[in-house]
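Shown next: work.cif, containing mmCIF, C-alpha atoms.
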data_input
loop_
_atom_site.label_atom_id
_atom_site.label_comp_id
_atom_site.auth_asym_id
_atom_site.auth_seq_id
_atom_site.Cartn_x
_atom_site.Cartn_y
_atom_site.Cartn_z
CA MET A 15 -22.66 -11.51 -12.65
CA GLU A 16 -19.74 -11.65 -10.23
CA ALA A 17 -19.65 -9.13 -7.37
CA PHE A 18 -16.55 -7.29 -8.59
CA GLU A 19 -18.04 -6.81 -12.06
CA TYR A 20 -21.37 -5.72 -10.59
CA PHE A 21 -19.88 -3.07 -8.31
CA THR A 22 -17.55 -1.86 -11.07
CA LEU A 23 -20.57 -1.36 -13.31
CA HIS A 24 -22.34 0.64 -10.59
CA GLU A 25 -19.33 2.48 -9.13
CA GLN A 26 -20.56 5.98 -9.94
CA GLU A 27 -23.98 5.25 -8.44
CA ILE A 28 -22.26 3.96 -5.33
CA ILE A 29 -20.21 7.15 -5.03
CA GLU A 30 -23.38 9.22 -5.38
CA ASP A 31 -24.97 7.25 -2.54
CA ILE A 32 -21.91 7.80 -0.36
CA LYS A 33 -21.96 11.52 -1.14
CA ARG A 34 -25.67 11.74 -0.36
CA LEU A 35 -25.18 10.17 3.05
CA VAL A 36 -22.04 12.16 3.91
CA LEU A 37 -23.77 15.43 3.07
CA SER A 38 -26.26 14.69 5.87
CA ASP A 39 -24.42 15.69 9.05
CA SER A 40 -25.17 13.34 11.94
CA PRO A 41 -23.26 14.14 15.14
CA SER A 42 -23.90 11.61 17.89
CA GLN A 43 -25.71 13.97 20.27
CA ASN A 44 -27.93 15.84 17.81
CA LYS A 45 -31.13 13.83 17.50
CA ALA A 46 -32.70 16.12 14.91
CA LEU A 47 -29.79 15.73 12.50
CA LEU A 48 -29.48 12.02 13.24
CA ASP A 49 -33.11 11.50 12.36
CA CYS A 50 -32.64 13.40 9.08
CA CYS A 51 -29.73 11.13 8.19
CA LYS A 52 -31.77 8.11 9.21
CA GLU A 53 -34.50 9.13 6.79
CA ILE A 54 -32.00 9.16 3.94
CA ILE A 55 -30.96 5.62 4.85
CA GLN A 56 -34.60 4.58 4.98
CA THR A 57 -35.21 6.12 1.57
CA MET A 58 -32.29 4.14 0.17
CA PHE A 59 -33.80 0.93 1.50
CA PHE A 60 -37.30 1.74 0.31
CA ASP A 61 -36.22 2.76 -3.19
CA THR A 62 -34.62 -0.64 -3.69
CA PHE A 63 -36.67 -3.03 -1.58
CA GLN A 64 -40.04 -1.25 -1.24
CA VAL A 65 -39.74 -1.72 2.51
CA LYS A 66 -37.95 0.23 5.19
CA ALA A 67 -35.75 -0.98 8.00
CA THR A 68 -37.37 -1.60 11.37
CA GLU A 69 -36.87 1.39 13.66
CA TYR A 70 -36.13 1.40 17.38
CA GLU A 71 -37.26 4.80 18.56
CA MET A 72 -34.96 6.59 20.97
CA PRO A 73 -36.00 9.66 22.98
CA GLN A 74 -32.52 11.26 22.95
CA ASN A 75 -30.36 9.36 20.48
CA GLY A 76 -31.21 8.88 16.85
CA ASN A 77 -33.42 5.91 16.08
CA HIS A 78 -31.62 2.61 15.54
CA LEU A 79 -32.35 0.58 12.41
CA ARG A 80 -32.59 -3.14 11.63
CA PHE A 81 -32.90 -4.63 8.14
CA GLU A 82 -33.28 -8.35 7.46
CA MET A 83 -33.05 -10.53 4.37
CA GLY A 84 -33.48 -14.30 4.08
CA GLU A 85 -35.45 -16.87 6.01
CA GLY A 86 -32.93 -19.46 7.15
CA PRO A 87 -32.95 -20.78 10.73
CA ALA A 88 -29.48 -19.35 11.49
CA GLN A 89 -28.60 -15.68 11.55
CA ILE A 90 -25.61 -13.61 10.45
CA LEU A 91 -25.20 -10.11 11.88
CA MET A 92 -23.75 -7.08 10.12
CA ILE A 93 -23.10 -4.00 12.26
CA GLY A 94 -22.72 -0.34 11.28
CA HIS A 95 -23.26 3.11 12.78
CA TYR A 96 -24.39 6.31 11.11
CA ASP A 97 -23.41 8.80 13.80
CA THR A 98 -20.18 10.77 13.47
CA VAL A 99 -17.89 12.84 15.69
CA TRP A 100 -18.36 15.95 13.53
CA ASP A 101 -20.49 18.96 14.36
CA PRO A 102 -22.51 20.29 11.40
CA GLY A 103 -20.58 22.33 8.88
CA VAL A 104 -17.11 21.59 10.23
CA LEU A 105 -16.12 19.47 7.23
CA GLN A 106 -17.34 19.57 3.65
CA TYR A 107 -17.65 16.79 1.09
CA ARG A 108 -15.09 17.09 -1.68
CA GLU A 109 -13.28 14.94 -4.21
CA GLU A 110 -9.56 15.30 -4.93
CA ALA A 111 -7.82 12.95 -7.35
CA ASP A 112 -8.36 9.46 -5.93
CA LYS A 113 -9.65 10.62 -2.52
CA LEU A 114 -13.18 11.37 -1.35
CA PHE A 115 -13.33 13.58 1.75
CA GLY A 116 -16.12 14.35 4.17
CA PRO A 117 -17.43 14.03 7.73
CA GLY A 118 -17.84 10.35 8.60
CA ILE A 119 -17.08 9.19 5.07
CA LEU A 120 -14.58 6.61 6.35
CA ASP A 121 -16.03 6.16 9.81
CA MET A 122 -18.39 4.90 8.53
CA LYS A 123 -21.02 6.14 6.11
CA SER A 124 -19.35 4.50 3.13
CA SER A 125 -19.74 1.22 5.02
CA ILE A 126 -23.48 1.78 5.44
CA VAL A 127 -23.65 2.15 1.68
CA SER A 128 -21.59 -1.02 1.18
CA ALA A 129 -24.13 -3.02 3.20
CA ILE A 130 -27.10 -1.56 1.29
CA TRP A 131 -25.41 -2.46 -2.00
CA PHE A 132 -24.71 -5.94 -0.68
CA PHE A 133 -28.45 -6.45 -0.26
CA LYS A 134 -29.07 -4.90 -3.69
CA TYR A 135 -26.67 -7.37 -5.25
CA VAL A 136 -28.28 -10.35 -3.54
CA LYS A 137 -31.72 -9.20 -4.65
CA GLU A 138 -30.84 -8.39 -8.26
CA MET A 139 -28.82 -11.57 -8.75
CA LYS A 140 -31.55 -13.59 -7.00
CA LEU A 141 -28.93 -15.32 -4.88
CA PRO A 142 -29.93 -18.01 -2.38
CA LEU A 143 -29.34 -17.49 1.34
CA LYS A 144 -29.22 -20.41 3.72
CA LYS A 145 -29.03 -18.04 6.68
CA ARG A 146 -30.89 -14.85 7.57
CA ILE A 147 -28.76 -11.73 7.34
CA VAL A 148 -29.50 -8.88 9.73
CA PHE A 149 -27.98 -5.44 9.28
CA PHE A 150 -28.14 -3.37 12.47
CA MET A 151 -27.36 0.36 12.30
CA ASN A 152 -27.01 2.39 15.47
CA SER A 153 -26.76 6.11 16.08
CA ASP A 154 -24.60 6.26 19.20
CA GLU A 155 -21.45 4.23 18.56
CA GLU A 156 -19.14 7.22 18.79
CA ILE A 157 -20.29 7.89 22.37
CA GLY A 158 -20.05 4.27 23.55
CA SER A 159 -23.38 2.85 22.25
CA PRO A 160 -25.24 3.46 25.53
CA SER A 161 -28.74 2.96 24.12
CA SER A 162 -27.93 0.46 21.38
CA ARG A 163 -25.75 -1.97 23.30
CA PRO A 164 -28.64 -4.11 24.59
CA LEU A 165 -30.03 -4.37 21.06
CA ILE A 166 -26.63 -5.27 19.61
CA GLU A 167 -25.99 -7.92 22.22
CA ALA A 168 -29.46 -9.40 21.73
CA GLU A 169 -28.78 -9.75 17.99
CA ALA A 170 -25.30 -11.18 18.58
CA LYS A 171 -26.71 -13.87 20.88
CA LYS A 172 -28.88 -15.07 17.98
CA SER A 173 -26.05 -14.99 15.42
CA VAL A 174 -23.54 -17.57 14.23
CA ALA A 175 -21.21 -14.81 12.99
CA ALA A 176 -20.89 -11.05 13.22
CA PHE A 177 -19.30 -8.77 10.65
CA VAL A 178 -18.44 -5.24 11.78
CA LEU A 179 -18.20 -2.66 9.00
CA GLU A 180 -15.74 -0.34 10.69
CA PRO A 181 -12.96 0.97 8.42
CA ALA A 182 -10.05 -1.27 7.55
CA VAL A 183 -6.73 -0.72 9.28
CA THR A 184 -5.36 2.57 7.95
CA VAL A 185 -3.55 2.33 4.61
CA SER A 186 -2.83 -1.42 4.87
CA GLY A 187 -6.46 -2.46 4.46
CA ASN A 188 -6.00 -5.18 7.07
CA LEU A 189 -8.98 -6.66 8.85
CA LYS A 190 -9.38 -6.30 12.61
CA VAL A 191 -9.43 -9.57 14.53
CA ALA A 192 -8.90 -8.20 18.03
CA ARG A 193 -9.52 -4.92 19.81
CA LYS A 194 -8.57 -3.61 23.21
CA GLY A 195 -11.28 -3.14 25.78
CA THR A 196 -11.94 0.39 27.00
CA SER A 197 -12.68 1.83 30.42
CA HIS A 198 -13.12 5.44 31.49
CA TYR A 199 -12.82 6.84 35.00
CA LEU A 200 -13.41 10.28 36.47
CA LEU A 201 -11.78 10.91 39.84
CA ASN A 202 -13.28 13.74 41.87
CA LEU A 203 -10.99 14.77 44.72
CA LYS A 204 -12.19 16.90 47.64
CA GLY A 205 -9.69 18.52 49.99
CA VAL A 206 -9.92 21.51 52.35
CA ALA A 207 -9.62 25.11 51.21
CA SER A 208 -7.68 27.73 53.13
CA HIS A 209 -5.77 30.98 52.59
CA ALA A 210 -2.42 30.17 50.98
CA GLY A 211 -0.66 33.01 52.77
CA ASN A 212 -2.32 33.36 56.19
CA ASN A 213 -3.04 29.74 57.13
CA PRO A 214 -1.65 27.28 54.54
CA LEU A 215 -1.36 24.44 57.07
CA ASP A 216 -5.13 24.48 57.60
CA GLY A 217 -5.68 23.53 53.96
CA VAL A 218 -5.47 20.17 52.19
CA SER A 219 -4.61 20.53 48.53
CA ALA A 220 -6.72 18.41 46.21
CA ILE A 221 -4.25 19.19 43.44
CA THR A 222 -1.31 17.80 45.41
CA GLU A 223 -3.30 14.62 46.02
CA ALA A 224 -4.19 14.49 42.33
CA ALA A 225 -0.51 14.72 41.39
CA ARG A 226 0.28 11.76 43.61
CA GLN A 227 -2.59 9.79 42.14
CA ILE A 228 -1.36 10.49 38.61
CA LEU A 229 2.02 8.97 39.45
CA ASP A 230 0.29 5.90 40.91
CA ILE A 231 -1.86 5.56 37.82
CA GLU A 232 1.18 5.79 35.54
CA HIS A 233 2.71 2.81 37.36
CA LEU A 234 -0.31 0.67 36.42
CA ASN A 235 0.75 0.65 32.76
CA ASP A 236 1.90 -2.79 31.60
CA TYR A 237 3.08 -2.42 28.03
CA ASP A 238 4.10 -6.07 27.76
CA LYS A 239 0.47 -7.06 28.37
CA GLY A 240 -0.90 -4.21 26.26
CA THR A 241 -2.47 -2.41 29.22
CA THR A 242 -2.28 1.37 28.95
CA LEU A 243 -3.64 4.16 31.11
CA ASN A 244 -3.75 7.80 30.10
CA VAL A 245 -4.66 10.67 32.40
CA GLY A 246 -6.08 12.79 29.63
CA MET A 247 -7.79 15.44 31.75
CA MET A 248 -6.88 17.32 34.92
CA GLN A 249 -8.81 20.22 36.41
CA GLY A 250 -8.54 21.91 39.75
CA GLY A 251 -8.14 25.02 41.78
CA GLY A 252 -8.70 28.55 40.63
CA LYS A 253 -7.38 31.47 42.66
CA LEU A 254 -3.64 31.38 43.27
CA ASN A 255 -3.95 32.48 46.90
CA VAL A 256 -6.30 29.65 47.87
CA ILE A 257 -5.29 26.09 48.78
CA PRO A 258 -7.40 24.19 46.23
CA ASP A 259 -10.10 21.97 47.67
CA GLU A 260 -11.18 20.42 44.35
CA ALA A 261 -9.46 18.52 41.58
CA HIS A 262 -10.67 16.19 38.83
CA LEU A 263 -8.83 13.56 36.80
CA GLY A 264 -10.09 11.77 33.66
CA VAL A 265 -8.48 8.45 32.83
CA ASP A 266 -8.68 6.36 29.66
CA VAL A 267 -7.79 2.66 30.02
CA ARG A 268 -7.12 0.14 27.23
CA SER A 269 -6.74 -3.59 27.93
CA VAL A 270 -6.06 -6.57 25.68
CA THR A 271 -7.61 -9.10 28.05
CA LYS A 272 -10.63 -9.16 30.32
CA GLN A 273 -8.36 -10.15 33.20
CA GLU A 274 -6.31 -6.99 32.84
CA GLN A 275 -9.43 -4.88 32.45
CA LEU A 276 -10.79 -6.25 35.71
CA ARG A 277 -7.45 -5.70 37.46
CA ILE A 278 -7.55 -2.01 36.63
CA ASP A 279 -11.24 -1.75 37.46
CA ASP A 280 -10.60 -3.24 40.88
CA TYR A 281 -7.87 -0.67 41.47
CA PHE A 282 -10.20 2.24 40.85
CA GLU A 283 -12.99 0.69 42.92
CA THR A 284 -10.67 0.47 45.94
CA ILE A 285 -8.52 3.56 45.37
CA LYS A 286 -7.23 5.26 48.52
CA PRO A 287 -5.90 8.82 49.04
CA HIS A 288 -2.34 9.44 50.15
CA ASP A 289 -3.70 12.05 52.53
CA ALA A 290 -6.58 10.59 54.51
CA ARG A 291 -8.18 14.04 54.74
CA VAL A 292 -8.89 13.98 50.99
CA LYS A 293 -11.99 12.21 49.74
CA ILE A 294 -11.93 10.56 46.33
CA ASP A 295 -15.15 9.78 44.49
CA VAL A 296 -14.81 7.64 41.35
CA GLU A 297 -17.27 7.69 38.46
CA GLY A 298 -17.28 5.54 35.35
CA GLY A 299 -15.95 2.05 34.78
CA ILE A 300 -15.70 -0.55 32.03
CA ASN A 301 -17.24 0.61 28.75
CA ARG A 302 -16.36 -2.05 26.18
CA PRO A 303 -14.84 -5.45 26.99
CA PRO A 304 -11.86 -6.60 24.91
CA MET A 305 -12.59 -8.22 21.57
CA GLU A 306 -10.40 -11.29 21.87
CA GLN A 307 -9.74 -13.55 18.92
CA ASP A 308 -10.69 -17.22 19.16
CA ALA A 309 -10.61 -20.17 16.76
CA GLU A 310 -14.05 -19.40 15.31
CA SER A 311 -13.28 -15.75 14.60
CA GLU A 312 -9.99 -16.83 13.05
CA GLU A 313 -12.00 -18.99 10.66
CA LEU A 314 -14.01 -15.93 9.62
CA PHE A 315 -10.79 -14.09 8.86
CA GLU A 316 -9.53 -17.02 6.79
CA VAL A 317 -12.74 -16.93 4.74
CA ALA A 318 -12.24 -13.22 4.05
CA GLN A 319 -8.56 -13.72 3.28
CA GLU A 320 -9.39 -16.40 0.71
CA GLU A 321 -12.09 -14.24 -0.88
CA ALA A 322 -9.63 -11.34 -1.15
CA LYS A 323 -7.13 -13.66 -2.82
CA GLN A 324 -9.73 -14.66 -5.39
CA LEU A 325 -10.40 -10.97 -6.03
CA GLY A 326 -6.72 -10.40 -6.72
CA PHE A 327 -5.46 -8.69 -3.57
CA SER A 328 -4.36 -9.70 -0.10
CA VAL A 329 -5.48 -8.86 3.41
CA GLU A 330 -3.83 -9.65 6.71
CA GLU A 331 -5.10 -9.60 10.27
CA SER A 332 -4.39 -6.92 12.86
CA ALA A 333 -5.09 -6.31 16.52
CA VAL A 334 -5.87 -2.65 17.26
CA GLY A 335 -6.16 -0.41 20.28
CA GLY A 336 -9.43 1.29 19.37
CA SER A 337 -12.80 -0.20 20.26
CA SER A 338 -16.03 -0.69 18.34
CA ASP A 339 -19.36 -2.46 18.67
CA GLY A 340 -17.41 -5.57 17.74
CA ASN A 341 -16.27 -5.59 21.35
CA PHE A 342 -19.89 -6.33 22.26
CA THR A 343 -20.69 -8.86 19.55
CA ALA A 344 -17.52 -10.85 20.26
CA LEU A 345 -18.91 -11.76 23.67
CA TYR A 346 -21.60 -13.88 21.99
CA ALA A 347 -20.63 -14.59 18.37
CA PRO A 348 -17.46 -15.06 16.30
CA THR A 349 -16.65 -11.58 15.04
CA LEU A 350 -14.63 -10.10 12.19
CA ASP A 351 -14.11 -6.34 12.12
CA GLY A 352 -12.63 -3.84 9.69
CA LEU A 353 -14.66 -4.85 6.64
CA GLY A 354 -15.33 -1.24 5.72
CA LEU A 355 -13.49 1.02 3.31
CA VAL A 356 -9.81 1.88 3.04
CA GLY A 357 -8.67 5.42 3.76
CA ASN A 358 -7.19 7.63 6.44
CA GLY A 359 -8.01 10.46 8.84
CA ILE A 360 -10.54 8.84 11.17
CA HIS A 361 -11.75 11.62 13.52
CA ALA A 362 -9.38 14.03 11.76
CA GLU A 363 -10.02 16.88 9.33
CA ASN A 364 -8.47 14.92 6.45
CA GLU A 365 -10.91 12.01 6.82
CA HIS A 366 -11.20 10.31 3.45
CA ILE A 367 -11.66 7.08 1.54
CA LEU A 368 -9.60 5.90 -1.42
CA ARG A 369 -11.71 5.65 -4.53
CA ALA A 370 -9.46 2.97 -6.02
CA HIS A 371 -10.47 0.54 -3.25
CA ILE A 372 -14.25 1.06 -3.26
CA VAL A 373 -15.13 -1.76 -5.64
CA GLU A 374 -12.77 -4.30 -4.14
CA ARG A 375 -13.95 -3.62 -0.58
CA PHE A 376 -17.62 -3.82 -1.58
CA ALA A 377 -16.85 -7.10 -3.33
CA LEU A 378 -14.86 -8.44 -0.37
CA LEU A 379 -17.71 -7.77 2.05
CA THR A 380 -20.24 -9.31 -0.30
CA LYS A 381 -18.29 -12.46 -1.10
CA THR A 382 -17.26 -13.05 2.51
CA VAL A 383 -20.79 -12.70 3.92
CA LEU A 384 -22.28 -14.82 1.15
CA GLN A 385 -19.71 -17.56 1.72
CA VAL A 386 -20.59 -17.77 5.42
CA ALA A 387 -24.31 -17.37 4.72
CA ASN A 388 -24.34 -20.41 2.48
CA GLU A 389 -22.09 -22.78 4.41
#
Same coordinates, now as structure tokens:
Amino acid sequence: MEAFEYFTLHEQEIIEDIKRLVLSDSPSQNKALLDCCKEIIQTMFFDTFQVKATEYEMPQNGNHLRFEMGEGPAQILMIGHYDTVWDPGVLQYREEADKLFGPGILDMKSSIVSAIWFFKYVKEMKLPLKKRIVFFMNSDEEIGSPSSRPLIEAEAKKSVAAFVLEPAVTVSGNLKVARKGTSHYLLNLKGVASHAGNNPLDGVSAITEAARQILDIEHLNDYDKGTTLNVGMMQGGGKLNVIPDEAHLGVDVRSVTKQEQLRIDDYFETIKPHDARVKIDVEGGINRPPMEQDAESEELFEVAQEEAKQLGFSVEESAVGGSSDGNFTALYAPTLDGLGLVGNGIHAENEHILRAHIVERFALLTKTVLQVANE
């Protein structure tokens, strides 16, 4: 049975699995809820395969999961995360016309289900695999993958290809072949406090210094190269009659190339105050390197594009500003991202998937991975 026919036949079961997973809230920094969600995933694996995924126990984050099928000498990696940005109870699962809503349904619990059903299809159809396929699920992607990054990179180093099950590009359904790298910096400025009325010249305003630094940071933007900096947080001062001796700036940086990322990182490592009496302490740094497209990752996209064509629809390639765990895998293996579901509202209250695209996206993932697995 072809993949499209198989997933069409089981569409309602698939939707029930998606609903079951979405109903289990799993915010990134709530280990208890993450572990409950993890148990649902494990039950899904056990009910079909009579084995559970390997668990990597984490003291603070939810446990990470690894499931493997096949015995070939080469390995293919599939990546997904089951944590979400939503606190419990903020959003509810609901169905309206052709849309299914819920916390993390697009980003990316429906994708977890697509991978599980991929393995179901391979098992039930008794399909051969020339390569081992590893599905790694982490619980901390939304907060930068601090505990799972070493595990992800270790798997990527052993893999000939990596498929990231993040959502497709909004509405278009395009696949993601490149992502900007991300860096985050916190600038803590320390000046000298004094009475604003009696002795203002004795004070050194940390806020004034912060304002000057913001203007400098704005000049680092290079839109032609895709380098953007955003001062998204500023705090400082308190009482209006006191020269403020503290200020704090939070900066988000996005870079298309590693060279640009390092240029900005060097700036913050060597930053100097305009007023020498102010001390600036910088925290943070590079979080995710850019996911840059190369010839091998382009070949992965071409495989997916051809499989989509055979399924009766088209996909194109896109470079996006957001980051994912694909930024890590791309350092070591050809990577194709955006193989998840089609919808809208990532990290927004209208987060949803489009029911009409469920079967075709499940089939696209399955056919693409199988094609690479049997080359």
Find the spatial neighbours of Ala176 in chain A, counting all atoms listed in the file, within a cut-off of 10 Å - ignore same-chain residues fewer than 5 positions away - and output them as a list in words.
Gln89, Ile90, Leu91, Met92, Ile93, Ile147, Val148, Phe149, Glu169, Ala170, Ser311, Leu314, Gly340, Thr343, Ala344, Tyr346, Ala347, Pro348, Thr349, Leu350, Asp351 and Val383 of chain A
As a check of understanding, name the residues that the PyMOL selection byres ((chain A and resi 327-336) around 6) selects in the supplied structure, as an MDAnalysis selection string.
chainID A and resid 188:194 319 322:323 325:326 337
Smallest atom-to-atom distance to Gly354 in chain A: which of A:Ala17, A:Leu254, A:Ile55, A:Ala129, using only C-alpha atoms?
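Closest to Gly354 in chain A of all the choices is A:Ala129.
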Skip Gly84 in chain A itself and residues of its chain fewer than 6 positions away, then list as a ChimeraX atom specification all residues within 9 Å of it, counting only C-alpha atoms.
/A:142-148
Report the residues retrieved by the PyMOL selection byres ((chain A and resi 44) around 10) from the displayed file, expressed as number ranges by chain.
A: 39-43, 45-49, 74-76, 97, 101-102, 153
Taking only C-alpha atoms into account, which of A:Ile126, A:Leu276, A:Met72, A:Leu141 comes nearest Val178 in chain A?
A:Ile126
Find the spatial neighbours of Ile221 in chain A, counting only C-alpha atoms, within a cut-off of 8 Å - ignore same-chain residues fewer than 2 positions away - and output them as a PyMOL selection string.
chain A and resi 219+223-225+250-251+258-261
Could you list, as a list in words, every residue within 12 Å of Arg163 in chain A, counting all atoms listed in the file and ignoring same-chain residues fewer than 3 positions away?
His78, Ile93, His95, Phe150, Met151, Asn152, Ser153, Asp154, Glu155, Ile157, Gly158, Ser159, Pro160, Ile166, Glu167, Ala168, Glu169, Ala170, Asn301, Arg302, Ser338, Asp339, Gly340, Asn341, Phe342, Thr343 and Leu345 of chain A
Please complete range 35-62 of chain A so it has N, CA and C atoms, and hand it over as a compact mmCIF listing (two decimals), keeping the file's coordinate frame.
# COMPACT_ATOMS: atom_id res chain seq x y z
N LEU A 35 -25.15 10.45 1.62
CA LEU A 35 -25.18 10.17 3.05
C LEU A 35 -24.21 11.06 3.82
N VAL A 36 -23.04 11.32 3.24
CA VAL A 36 -22.04 12.16 3.91
C VAL A 36 -22.52 13.60 4.02
N LEU A 37 -23.27 14.05 3.04
CA LEU A 37 -23.77 15.43 3.07
C LEU A 37 -24.80 15.66 4.18
N SER A 38 -25.30 14.58 4.76
CA SER A 38 -26.26 14.69 5.87
C SER A 38 -25.51 14.56 7.19
N ASP A 39 -25.16 15.70 7.78
CA ASP A 39 -24.42 15.69 9.05
C ASP A 39 -25.20 14.92 10.11
N SER A 40 -24.48 14.15 10.93
CA SER A 40 -25.17 13.34 11.94
C SER A 40 -24.32 13.16 13.19
N PRO A 41 -24.03 14.26 13.89
CA PRO A 41 -23.26 14.14 15.14
C PRO A 41 -24.03 13.34 16.19
N SER A 42 -23.30 12.60 16.99
CA SER A 42 -23.90 11.61 17.89
C SER A 42 -24.95 12.18 18.84
N GLN A 43 -24.82 13.43 19.24
CA GLN A 43 -25.71 13.97 20.27
C GLN A 43 -26.68 15.02 19.73
N ASN A 44 -26.96 14.94 18.43
CA ASN A 44 -27.93 15.84 17.81
C ASN A 44 -29.03 14.99 17.19
N LYS A 45 -30.08 14.75 17.95
CA LYS A 45 -31.13 13.83 17.50
C LYS A 45 -31.80 14.31 16.22
N ALA A 46 -32.01 15.60 16.10
CA ALA A 46 -32.70 16.12 14.91
C ALA A 46 -31.92 15.79 13.64
N LEU A 47 -30.60 16.02 13.67
CA LEU A 47 -29.79 15.73 12.50
C LEU A 47 -29.65 14.23 12.28
N LEU A 48 -29.54 13.47 13.36
CA LEU A 48 -29.48 12.02 13.24
C LEU A 48 -30.73 11.47 12.57
N ASP A 49 -31.87 11.99 12.96
CA ASP A 49 -33.11 11.50 12.36
C ASP A 49 -33.22 11.88 10.89
N CYS A 50 -32.66 13.03 10.51
CA CYS A 50 -32.64 13.40 9.08
C CYS A 50 -31.77 12.42 8.30
N CYS A 51 -30.62 12.09 8.85
CA CYS A 51 -29.73 11.13 8.19
C CYS A 51 -30.39 9.76 8.11
N LYS A 52 -31.05 9.38 9.18
CA LYS A 52 -31.77 8.11 9.21
C LYS A 52 -32.80 8.03 8.11
N GLU A 53 -33.49 9.12 7.83
CA GLU A 53 -34.50 9.13 6.79
C GLU A 53 -33.89 8.91 5.41
N ILE A 54 -32.68 9.41 5.21
CA ILE A 54 -32.00 9.16 3.94
C ILE A 54 -31.69 7.68 3.79
N ILE A 55 -31.22 7.06 4.87
CA ILE A 55 -30.96 5.62 4.85
C ILE A 55 -32.24 4.86 4.55
N GLN A 56 -33.32 5.26 5.20
CA GLN A 56 -34.60 4.58 4.98
C GLN A 56 -35.07 4.74 3.53
N THR A 57 -34.83 5.90 2.97
CA THR A 57 -35.21 6.12 1.57
C THR A 57 -34.41 5.20 0.65
N MET A 58 -33.12 5.03 0.96
CA MET A 58 -32.29 4.14 0.17
C MET A 58 -32.82 2.71 0.21
N PHE A 59 -33.23 2.27 1.39
CA PHE A 59 -33.80 0.93 1.50
C PHE A 59 -35.12 0.83 0.74
N PHE A 60 -35.97 1.82 0.92
CA PHE A 60 -37.30 1.74 0.31
C PHE A 60 -37.22 1.80 -1.22
N ASP A 61 -36.33 2.64 -1.74
CA ASP A 61 -36.22 2.76 -3.19
C ASP A 61 -35.83 1.44 -3.85
N THR A 62 -35.07 0.62 -3.12
CA THR A 62 -34.62 -0.64 -3.69
C THR A 62 -35.50 -1.82 -3.32
